[in-house]
Amino acid sequence: MRLAILVACLLPTLAIADTPPRIEAPLTETRGDGWRGVNLYAGDAGCTDCHTNPDVAAMGPGGDLGPEVGLLGALYDRAELRAILVDARSVFGDETAMPAFGADGLLSPQDIEDLVAYLSELQPR
Ligand code: HEC
């Protein structure tokens with residue numbers, strides 16, 4: 001009996017752990033601007049310190065600390081990309097090298113929306 005109660009309590013937790021974090025609602029009213037996003041990506045936001053991306057390779061060398069992000073439009077939807085950019089730790093765990101850009105105030109909500117717009121347009125080639 002006690003075991004049954006324990007299992008019943010654990011099941012919902014396991015179901016939640018299986019679902020990748022998502023943030024469905026845009027953080028700002030202004031629609032994300034992909035052009036501003038790509039400039040942040042290769043510039044002030046410092047994404048290319050850790051990531052390569054064939055799209056911006058021509059702008060300079062990319063880092064190899066994080067995975068290549070060239071296929072993201074196919075891999076993640078906007079809600080997942082938003083969650084990764086707001087708080088990578090909540091998605092990849094506390095050990096991740098990727099900064100929690102939104103949660104730690106490194107990027108503004110509009111910066112994040114612009115990056116989501118850019119990344120969600122990347123398609124496999
Ligand atoms: C200090 C290094 C670092 C920086 C800076 C960084 N990332 Fe990451 N990123 C990582 C690592 C490492 C991972 C892999 C997640 C893990 O397993 O820890 C990752 C994963 C990702 C993923 C998921 C990719 C996949 O294939 O699953 C996305 C999307 C992403 N980063 C976007 C960005 C964007 C956009 C920026 C700039 C705002 C950025 N990252 C800046 C290190 C970084």
# chains A, B, ... in the order shown; residues from 1 in each chain; ligands from 1
>>> closest_atom_pairs(of="chain A", to="ligand 1", cutoff="9 Å", atoms="only C-alpha atoms and all ligand atoms", output="tab-separated table")
residue	atom	partner	partner_atom_place_in_ligand_line	distance
A:Gly37	CA	ligand 1	35 (C)	8.6
A:Leu40	CA	ligand 1	38 (C)	7.4
A:Tyr41	CA	ligand 1	37 (C)	5.5
A:Ala42	CA	ligand 1	37 (C)	8.3
A:Asp44	CA	ligand 1	38 (C)	8.7
A:Ala45	CA	ligand 1	38 (C)	4.9
A:Gly46	CA	ligand 1	5 (C)	5.4
A:Cys47	CA	ligand 1	37 (C)	3.4
A:Thr48	CA	ligand 1	5 (C)	7.0
A:Asp49	CA	ligand 1	5 (C)	5.6
A:Cys50	CA	ligand 1	2 (C)	4.5
A:His51	CA	ligand 1	7 (N)	6.3
A:Gly63	CA	ligand 1	2 (C)	8.2
A:Asp64	CA	ligand 1	42 (C)	8.6
A:Leu65	CA	ligand 1	12 (C)	5.4
A:Gly66	CA	ligand 1	11 (C)	3.7
A:Pro67	CA	ligand 1	26 (O)	5.3
A:Glu68	CA	ligand 1	26 (O)	6.4
A:Val69	CA	ligand 1	24 (C)	5.7
A:Gly70	CA	ligand 1	26 (O)	8.5
A:Leu71	CA	ligand 1	26 (O)	7.7
A:Leu72	CA	ligand 1	29 (C)	6.5
A:Leu75	CA	ligand 1	26 (O)	7.5
A:Tyr76	CA	ligand 1	29 (C)	7.7
A:Glu80	CA	ligand 1	29 (C)	8.4
A:Leu81	CA	ligand 1	29 (C)	5.7
A:Arg82	CA	ligand 1	29 (C)	8.7
A:Ile84	CA	ligand 1	29 (C)	6.3
A:Leu85	CA	ligand 1	35 (C)	6.5
A:Ala88	CA	ligand 1	15 (C)	7.4
A:Arg89	CA	ligand 1	18 (O)	7.9
A:Val91	CA	ligand 1	15 (C)	8.2
A:Phe92	CA	ligand 1	16 (C)	5.2
A:Gly93	CA	ligand 1	18 (O)	7.1
A:Asp94	CA	ligand 1	18 (O)	8.5
A:Glu95	CA	ligand 1	18 (O)	6.8
A:Thr96	CA	ligand 1	18 (O)	3.6
A:Ala97	CA	ligand 1	12 (C)	4.6
A:Met98	CA	ligand 1	43 (C)	3.7
A:Pro99	CA	ligand 1	4 (C)	6.1
A:Ala100	CA	ligand 1	41 (C)	8.9
A:Phe101	CA	ligand 1	38 (C)	6.7
A:Leu106	CA	ligand 1	38 (C)	8.8
A:Leu107	CA	ligand 1	38 (C)	7.7
A:Asp111	CA	ligand 1	38 (C)	8.6
A:Ile112	CA	ligand 1	38 (C)	7.6
A:Leu115	CA	ligand 1	35 (C)	6.1
A:Val116	CA	ligand 1	35 (C)	7.6
A:Tyr118	CA	ligand 1	35 (C)	8.8
A:Leu119	CA	ligand 1	35 (C)	7.1
>>> write_last_selection(atoms="C-alpha atoms", output="PDB file, in the first residue's frame")
ATOM      1  CA  GLY A  37      19.083  38.782 -33.850  1.00  0.00           C
ATOM      2  CA  LEU A  40      23.468  40.160 -31.622  1.00  0.00           C
ATOM      3  CA  TYR A  41      24.416  36.528 -32.228  1.00  0.00           C
ATOM      4  CA  ALA A  42      27.663  37.391 -33.987  1.00  0.00           C
ATOM      5  CA  ASP A  44      27.359  41.780 -28.477  1.00  0.00           C
ATOM      6  CA  ALA A  45      25.651  38.599 -27.218  1.00  0.00           C
ATOM      7  CA  GLY A  46      28.870  36.627 -27.789  1.00  0.00           C
ATOM      8  CA  CYS A  47      27.182  33.427 -29.020  1.00  0.00           C
ATOM      9  CA  THR A  48      30.001  32.819 -31.500  1.00  0.00           C
ATOM     10  CA  ASP A  49      32.462  32.641 -28.593  1.00  0.00           C
ATOM     11  CA  CYS A  50      31.105  29.119 -28.069  1.00  0.00           C
ATOM     12  CA  HIS A  51      29.049  28.156 -31.131  1.00  0.00           C
ATOM     13  CA  GLY A  63      33.872  28.729 -30.907  1.00  0.00           C
ATOM     14  CA  ASP A  64      33.721  25.011 -30.234  1.00  0.00           C
ATOM     15  CA  LEU A  65      32.578  24.952 -26.612  1.00  0.00           C
ATOM     16  CA  GLY A  66      28.921  24.506 -27.554  1.00  0.00           C
ATOM     17  CA  PRO A  67      27.280  22.492 -30.350  1.00  0.00           C
ATOM     18  CA  GLU A  68      26.912  23.850 -33.870  1.00  0.00           C
ATOM     19  CA  VAL A  69      23.621  25.691 -34.098  1.00  0.00           C
ATOM     20  CA  GLY A  70      23.014  25.463 -37.848  1.00  0.00           C
ATOM     21  CA  LEU A  71      20.002  23.140 -37.661  1.00  0.00           C
ATOM     22  CA  LEU A  72      18.056  24.843 -34.929  1.00  0.00           C
ATOM     23  CA  LEU A  75      15.471  20.973 -33.936  1.00  0.00           C
ATOM     24  CA  TYR A  76      13.687  23.407 -31.640  1.00  0.00           C
ATOM     25  CA  GLU A  80      12.069  25.817 -26.638  1.00  0.00           C
ATOM     26  CA  LEU A  81      14.586  28.339 -27.990  1.00  0.00           C
ATOM     27  CA  ARG A  82      13.089  31.000 -25.706  1.00  0.00           C
ATOM     28  CA  ILE A  84      17.143  27.936 -23.626  1.00  0.00           C
ATOM     29  CA  LEU A  85      17.970  31.641 -23.941  1.00  0.00           C
ATOM     30  CA  ALA A  88      20.023  27.432 -20.190  1.00  0.00           C
ATOM     31  CA  ARG A  89      20.524  25.897 -16.737  1.00  0.00           C
ATOM     32  CA  VAL A  91      17.168  23.143 -19.826  1.00  0.00           C
ATOM     33  CA  PHE A  92      20.655  21.592 -19.718  1.00  0.00           C
ATOM     34  CA  GLY A  93      21.293  21.470 -15.959  1.00  0.00           C
ATOM     35  CA  ASP A  94      23.439  23.477 -13.559  1.00  0.00           C
ATOM     36  CA  GLU A  95      26.699  22.189 -15.053  1.00  0.00           C
ATOM     37  CA  THR A  96      26.126  23.724 -18.493  1.00  0.00           C
ATOM     38  CA  ALA A  97      28.710  26.173 -19.777  1.00  0.00           C
ATOM     39  CA  MET A  98      25.985  28.223 -21.449  1.00  0.00           C
ATOM     40  CA  PRO A  99      25.073  31.380 -19.494  1.00  0.00           C
ATOM     41  CA  ALA A 100      21.473  31.951 -18.308  1.00  0.00           C
ATOM     42  CA  PHE A 101      21.141  35.032 -20.527  1.00  0.00           C
ATOM     43  CA  LEU A 106      22.835  39.461 -19.674  1.00  0.00           C
ATOM     44  CA  LEU A 107      20.308  40.065 -22.450  1.00  0.00           C
ATOM     45  CA  ASP A 111      17.268  40.775 -27.339  1.00  0.00           C
ATOM     46  CA  ILE A 112      15.987  37.280 -26.572  1.00  0.00           C
ATOM     47  CA  LEU A 115      17.574  35.905 -31.198  1.00  0.00           C
ATOM     48  CA  VAL A 116      14.610  33.491 -31.150  1.00  0.00           C
ATOM     49  CA  TYR A 118      16.832  34.554 -35.996  1.00  0.00           C
ATOM     50  CA  LEU A 119      17.491  31.032 -34.686  1.00  0.00           C
TER      51      LEU A 119
END
>>> atom_distance(atom1="atom CA of Gln110 of chain A", atom2="atom CA of Thr28 of chain A")
6.2 Å
>>> atom_distance(atom1="atom CA of Ala117 of chain A", atom2="atom CA of Asn53 of chain A")
15.5 Å
